[in-house]
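Engineer: Contents of work09.cif (mmCIF, C-alpha atoms) are below:
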data_run
#
loop_
_atom_site.label_atom_id
_atom_site.label_comp_id
_atom_site.auth_asym_id
_atom_site.auth_seq_id
_atom_site.Cartn_x
_atom_site.Cartn_y
_atom_site.Cartn_z
CA MET A 236 2.39 16.43 14.96
CA SER A 237 0.74 13.36 13.45
CA LYS A 238 3.01 10.93 11.63
CA ILE A 239 1.82 8.92 8.65
CA LEU A 240 4.06 6.14 7.37
CA ILE A 241 3.82 5.38 3.66
CA THR A 242 5.55 2.26 2.35
CA GLY A 243 6.09 1.22 -1.25
CA PHE A 244 7.55 -1.91 -2.81
CA ASP A 245 10.63 -2.11 -4.97
CA ALA A 246 10.42 -3.40 -8.56
CA PHE A 247 9.49 -7.06 -9.03
CA GLY A 248 8.42 -9.58 -11.63
CA GLY A 249 11.07 -8.55 -14.14
CA GLU A 250 10.14 -4.85 -14.02
CA SER A 251 12.83 -2.18 -13.70
CA ILE A 252 10.53 0.20 -11.80
CA ASN A 253 7.55 0.04 -9.47
CA PRO A 254 5.05 2.93 -9.41
CA ALA A 255 4.65 2.39 -5.67
CA SER A 256 8.28 3.14 -4.84
CA GLU A 257 8.43 5.82 -7.57
CA ALA A 258 5.71 7.73 -5.73
CA LEU A 259 7.59 7.67 -2.43
CA GLN A 260 10.18 10.23 -3.47
CA HIS A 261 7.36 12.70 -4.21
CA LEU A 262 5.51 11.96 -0.97
CA GLU A 263 8.43 12.20 1.46
CA GLY A 264 8.09 15.47 3.33
CA SER A 265 4.82 16.35 1.60
CA GLY A 266 3.09 17.17 4.89
CA LEU A 267 2.88 20.87 4.07
CA ARG A 268 0.95 20.12 0.88
CA ILE A 269 -1.28 17.65 2.67
CA GLY A 270 -2.02 19.64 5.81
CA ARG A 271 -0.38 21.46 8.69
CA GLY A 272 0.68 19.26 11.56
CA ILE A 273 1.16 16.20 9.34
CA GLU A 274 4.53 14.53 8.89
CA VAL A 275 4.69 12.08 6.00
CA ILE A 276 7.48 9.52 6.29
CA THR A 277 8.21 7.02 3.52
CA ARG A 278 10.00 3.69 3.38
CA GLU A 279 10.75 1.44 0.40
CA ILE A 280 10.26 -2.21 1.30
CA PRO A 281 11.38 -5.39 -0.50
CA THR A 282 8.96 -7.44 -2.56
CA VAL A 283 9.76 -10.48 -0.46
CA PHE A 284 7.50 -12.53 1.77
CA GLY A 285 8.48 -12.14 5.42
CA ALA A 286 11.17 -9.49 4.87
CA SER A 287 8.60 -6.94 3.70
CA ALA A 288 6.44 -7.41 6.79
CA ARG A 289 9.49 -7.18 9.06
CA ALA A 290 10.54 -3.95 7.38
CA VAL A 291 7.15 -2.39 8.07
CA ARG A 292 7.14 -3.61 11.68
CA GLU A 293 10.60 -2.15 12.24
CA ALA A 294 9.54 1.16 10.70
CA ILE A 295 6.48 1.28 12.97
CA GLN A 296 8.60 0.64 16.04
CA ASP A 297 11.11 3.28 14.94
CA ILE A 298 8.64 5.99 13.90
CA MET A 299 5.54 5.19 15.99
CA PRO A 300 3.15 6.65 13.41
CA GLN A 301 -0.56 7.21 13.85
CA ALA A 302 -1.29 5.58 10.49
CA VAL A 303 0.39 3.23 8.02
CA VAL A 304 -0.62 3.14 4.37
CA SER A 305 1.20 0.69 2.12
CA ILE A 306 1.28 1.14 -1.65
CA GLY A 307 1.59 -1.63 -4.22
CA GLN A 308 1.47 -2.12 -7.97
CA ALA A 309 -1.62 -3.68 -9.53
CA GLY A 310 -0.72 -4.42 -13.12
CA GLY A 311 -3.78 -4.19 -15.35
CA ALA A 312 -5.77 -1.99 -12.95
CA HIS A 313 -7.69 0.83 -14.64
CA GLY A 314 -7.43 3.15 -11.64
CA ILE A 315 -6.51 3.44 -7.99
CA ARG A 316 -7.76 0.53 -5.87
CA VAL A 317 -8.40 1.21 -2.20
CA GLU A 318 -8.29 -2.15 -0.45
CA ARG A 319 -10.83 -3.06 2.22
CA VAL A 320 -9.80 -6.59 3.25
CA ALA A 321 -6.51 -8.25 4.19
CA LEU A 322 -6.65 -12.05 3.90
CA ASN A 323 -4.67 -14.52 5.99
CA MET A 324 -3.24 -16.32 2.98
CA ASP A 325 0.02 -16.48 1.01
CA ASP A 326 -0.55 -18.09 -2.38
CA ALA A 327 1.88 -16.81 -5.00
CA LYS A 328 1.64 -17.34 -8.76
CA ILE A 329 5.16 -15.96 -9.33
CA ASP A 330 8.38 -15.85 -7.33
CA ASP A 331 9.05 -12.91 -5.06
CA ASN A 332 12.40 -11.12 -5.34
CA ALA A 333 14.09 -13.77 -3.20
CA GLY A 334 12.76 -16.69 -5.21
CA ASN A 335 10.02 -17.61 -2.72
CA ARG A 336 6.67 -18.88 -3.99
CA PRO A 337 4.53 -19.92 -1.00
CA MET A 338 1.30 -21.71 -1.80
CA ASP A 339 -1.79 -22.27 0.38
CA LEU A 340 -0.06 -20.97 3.51
CA ARG A 341 -1.57 -18.96 6.34
CA ILE A 342 0.37 -15.80 7.13
CA GLU A 343 -0.40 -16.11 10.85
CA PRO A 344 -1.32 -19.69 11.88
CA ASP A 345 -3.36 -18.46 14.84
CA GLY A 346 -4.56 -15.22 13.25
CA PRO A 347 -8.09 -14.41 12.08
CA VAL A 348 -9.13 -15.21 8.52
CA ALA A 349 -9.08 -11.53 7.58
CA TYR A 350 -8.80 -7.96 8.81
CA TRP A 351 -10.67 -4.88 7.66
CA ALA A 352 -8.67 -1.81 6.71
CA SER A 353 -8.99 0.76 9.49
CA ILE A 354 -8.49 3.86 7.34
CA PRO A 355 -11.75 5.40 6.01
CA VAL A 356 -11.63 3.56 2.68
CA ARG A 357 -14.82 4.92 1.11
CA GLU A 358 -13.87 8.51 1.93
CA VAL A 359 -10.39 7.90 0.51
CA ALA A 360 -11.80 6.61 -2.79
CA GLU A 361 -14.21 9.54 -3.00
CA ALA A 362 -11.44 12.06 -2.33
CA ILE A 363 -9.32 10.58 -5.11
CA ARG A 364 -12.24 10.70 -7.54
CA HIS A 365 -12.83 14.33 -6.51
CA GLU A 366 -9.36 15.04 -7.94
CA GLY A 367 -10.58 13.67 -11.29
CA ILE A 368 -8.68 10.40 -10.88
CA PRO A 369 -10.45 7.04 -11.20
CA ALA A 370 -10.60 5.10 -7.94
CA THR A 371 -12.59 2.12 -6.68
CA LEU A 372 -13.04 0.12 -3.51
CA SER A 373 -11.49 -3.33 -3.81
CA TYR A 374 -12.36 -6.42 -1.81
CA SER A 375 -9.25 -8.43 -2.64
CA ALA A 376 -5.62 -7.37 -2.29
CA GLY A 377 -4.63 -10.68 -3.87
CA THR A 378 -2.46 -13.29 -2.18
CA PHE A 379 1.01 -12.05 -3.16
CA VAL A 380 3.36 -9.82 -1.15
CA CYS A 381 0.98 -6.84 -1.17
CA ASN A 382 -1.66 -8.73 0.76
CA HIS A 383 1.07 -10.30 2.91
CA VAL A 384 2.21 -6.88 4.10
CA PHE A 385 -1.35 -5.59 4.50
CA TYR A 386 -2.39 -8.55 6.67
CA SER A 387 0.87 -8.69 8.63
CA THR A 388 0.67 -4.99 9.48
CA CYS A 389 -2.98 -5.30 10.57
CA HIS A 390 -2.08 -8.29 12.74
CA PHE A 391 0.93 -6.56 14.30
CA VAL A 392 -1.19 -3.53 15.22
CA ALA A 393 -4.18 -5.55 16.45
CA SER A 394 -2.17 -8.07 18.50
CA ARG A 395 -0.43 -5.24 20.35
CA SER A 396 -3.52 -3.04 20.71
CA LEU A 397 -1.75 -0.14 18.99
CA SER A 398 -3.75 2.95 18.05
CA ILE A 399 -2.55 2.91 14.45
CA LYS A 400 -4.81 3.02 11.41
CA VAL A 401 -3.78 0.64 8.61
CA GLY A 402 -4.61 0.70 4.93
CA PHE A 403 -3.42 -0.49 1.54
CA ILE A 404 -3.71 1.17 -1.86
CA HIS A 405 -2.96 -0.41 -5.24
CA VAL A 406 -1.84 1.78 -8.14
CA PRO A 407 -1.71 0.97 -11.89
CA TYR A 408 1.29 0.60 -14.15
CA LEU A 409 3.17 3.70 -15.22
CA PRO A 410 2.88 4.51 -18.96
CA GLU A 411 6.46 3.37 -19.66
CA GLN A 412 5.59 -0.04 -18.22
CA ALA A 413 2.27 -0.35 -20.03
CA VAL A 414 3.68 0.43 -23.46
CA GLU A 415 5.61 -2.85 -23.30
CA LYS A 416 2.47 -4.82 -22.40
CA ASP A 417 0.23 -4.37 -25.42
CA ALA A 418 -1.00 -1.01 -24.12
CA ALA A 419 -2.19 -2.18 -20.68
CA PRO A 420 -3.98 0.42 -18.53
CA SER A 421 -1.64 2.94 -16.92
CA MET A 422 -1.51 6.17 -14.93
CA SER A 423 1.04 8.98 -14.85
CA ARG A 424 3.28 9.60 -11.87
CA GLU A 425 1.61 12.97 -11.39
CA CYS A 426 -1.84 11.42 -11.11
CA ILE A 427 -0.63 8.66 -8.79
CA VAL A 428 1.02 11.19 -6.48
CA MET A 429 -2.08 13.43 -6.52
CA ALA A 430 -4.24 10.43 -5.66
CA LEU A 431 -2.00 9.38 -2.79
CA GLU A 432 -1.82 12.91 -1.39
CA ALA A 433 -5.63 13.05 -1.46
CA ALA A 434 -5.73 9.70 0.34
CA VAL A 435 -3.29 10.83 3.01
CA ARG A 436 -5.30 14.01 3.63
CA VAL A 437 -8.38 11.90 4.38
CA VAL A 438 -6.39 9.57 6.62
CA ALA A 439 -4.94 12.56 8.48
CA GLU A 440 -8.40 13.99 9.10
CA ALA A 441 -9.46 10.68 10.65
CA LEU A 442 -6.64 10.60 13.21
#
Show how you would write the structure in this file as structure tokens.
Structural biologist:
Amino acid sequence: MSKILITGFDAFGGESINPASEALQHLEGSGLRIGRGIEVITREIPTVFGASARAVREAIQDIMPQAVVSIGQAGGAHGIRVERVALNMDDAKIDDNAGNRPMDLRIEPDGPVAYWASIPVREVAEAIRHEGIPATLSYSAGTFVCNHVFYSTCHFVASRSLSIKVGFIHVPYLPEQAVEKDAAPSMSRECIVMALEAAVRVVAEAL
């Protein structure tokens, strides 16, 4: 049985919820909906530099999955964003949940400038759009904790020559978040979960 680890961040930036972690409860154990022989395992991780990356590393060592897909909130996004590039840079505009705000720092001093996602990103975006849900390829995961986890996970896998595919997906605000932000773009939980299930199916087929 193939194991796919899905991680999602807790709420941050003054929000009471995060669509990434909200989706986890619907994805845990969803292997039967996604495909036979697939075990989907979820973990909520803290929106904290360092601690988030450690949490993913520990989950990998505990579960030994064949793929890791991390989910994060992209406030203002008009659809699902499938990230292609993880950048070796921490440069925060706001504090994380522990009050950290690193600026102009490399995540791994001796690491490469960037890593490519190793999940089939174009196929993932196309599968999500096939469900009638807007999705795009993105070439920047930002420089906050989302990118930190994406890069750190890629580096952990690459530096240990692990056969684990790594990807990152950004999701929009939920409607109840957007209504407090002058009607910012949003997406329902149902659509977010459908999109992520479509993404995991594609990832599973690539294992």
Engineer: For the structure shown, which residues end up in the PyMOL selection byres ((chain A and resi 411-413) around 9)? Put them as a list in words, please?
Structural biologist: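 This file, filtered by the PyMOL selection byres ((chain A and resi 411-413) around 9), leaves Glu250, Ser251, Ile252, Asn253, Gly310, Gly311, Tyr408, Leu409, Pro410, Val414, Glu415, Lys416, Asp417, Ala418, Ala419, Pro420 and Ser421 of chain A.
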Engineer: Of the candidates A:Ile298, A:Ala290, A:Cys389, A:Asp326, which shows the shortest atom-to-atom distance to Pro347 (chain A), using only C-alpha atoms?
Structural biologist: A:Cys389
Engineer: Name all residues at most 9 Å from Arg341 (chain A) (count all atoms listed in the file; drop same-chain ones fewer than 6 positions away) and give them as a list in words.
Structural biologist: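 The residues satisfying every condition are Leu322, Asn323, Met324, Asp325, Asp326 and Val348 of chain A.
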Engineer: Mind giving me the straight-line distance from CA of Ala255 (chain A) to CA of Arg436 (chain A) in Å, one decimal?
Structural biologist: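 That distance, rounded to one decimal, is 17.9 Å.
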Engineer: Expand the PyMOL selection byres ((chain A and resi 402) around 8) into the explicit residue set it covers here, and present it as a list in words.
Structural biologist: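 Checking the PyMOL selection byres ((chain A and resi 402) around 8) against this file, the residues are Val303, Val304, Ser305, Glu318, Arg319, Ala352, Ser353, Ile354, Val356, Phe385, Lys400, Val401, Phe403 and Ile404 of chain A.
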Engineer: Given the choices A:Ser256, A:Thr282, A:Ser237, A:Gln301, which gets closest to Val428 (chain A) if the distance is worked out from all atoms listed in the file?
Structural biologist: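 Smallest separation from Val428 (chain A) among the options: A:Ser256.
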Engineer: For a test of reading the model, state the distance in Å between CA of Gly243 (chain A) and CA of Arg292 (chain A), rounded to one decimal.
Structural biologist: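 Atom-to-atom, CA of Gly243 (chain A) to CA of Arg292 (chain A), that is 13.8 Å.
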Engineer: If you apply the PyMOL selection byres ((chain A and resi 295) around 12) to this file, what residues do you get, as number ranges by chain?
Structural biologist: A: 238-242, 276-278, 288-294, 296-304, 388-389, 391-392, 397-401
Engineer: Which residue is closest to Ile368 (chain A)? Choose from A:Ala434, A:Ala393, A:Val320, A:Leu340 and count all atoms listed in the file.
Structural biologist: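 With all atoms listed in the file as the atom set, the closest residue is A:Ala434.
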Engineer: For a test of reading the model, state the distance in Å between CA of Glu366 (chain A) and CA of Glu432 (chain A), rounded to one decimal.
Structural biologist: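 Distance between the two atoms: 10.2 Å.
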Engineer: Which of these, A:Phe379, A:Trp351, A:Tyr374, A:Phe284, has the shortest distance to Ala327 (chain A) once you count only C-alpha atoms?
Structural biologist: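 Closest candidate: A:Phe379.
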Engineer: Report, as lines of an AutoDock Vina configuration file, the axis-aligned box around all atoms of region 292-303 of chain A present in the file, extended by 4 Å on each side; give centre and edge lengths in Å to one decimal place.
Structural biologist:
center_x = 4.9
center_y = 1.8
center_z = 12.0
size_x = 20.4
size_y = 18.8
size_z = 16.0
Engineer: Excluding same-chain residues fewer than 4 positions from region 313-316 of chain A, what lies within 8 Å of it counting all atoms listed in the file, as a list in words?
Structural biologist: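 Once the nearby chain positions are removed, what remains is Ala360, Ile368, Pro369, Ala370, Thr371, Leu372, Ser373, Ile404, His405, Val406, Pro407, Pro420, Ser421, Met422, Ile427 and Ala430 of chain A.
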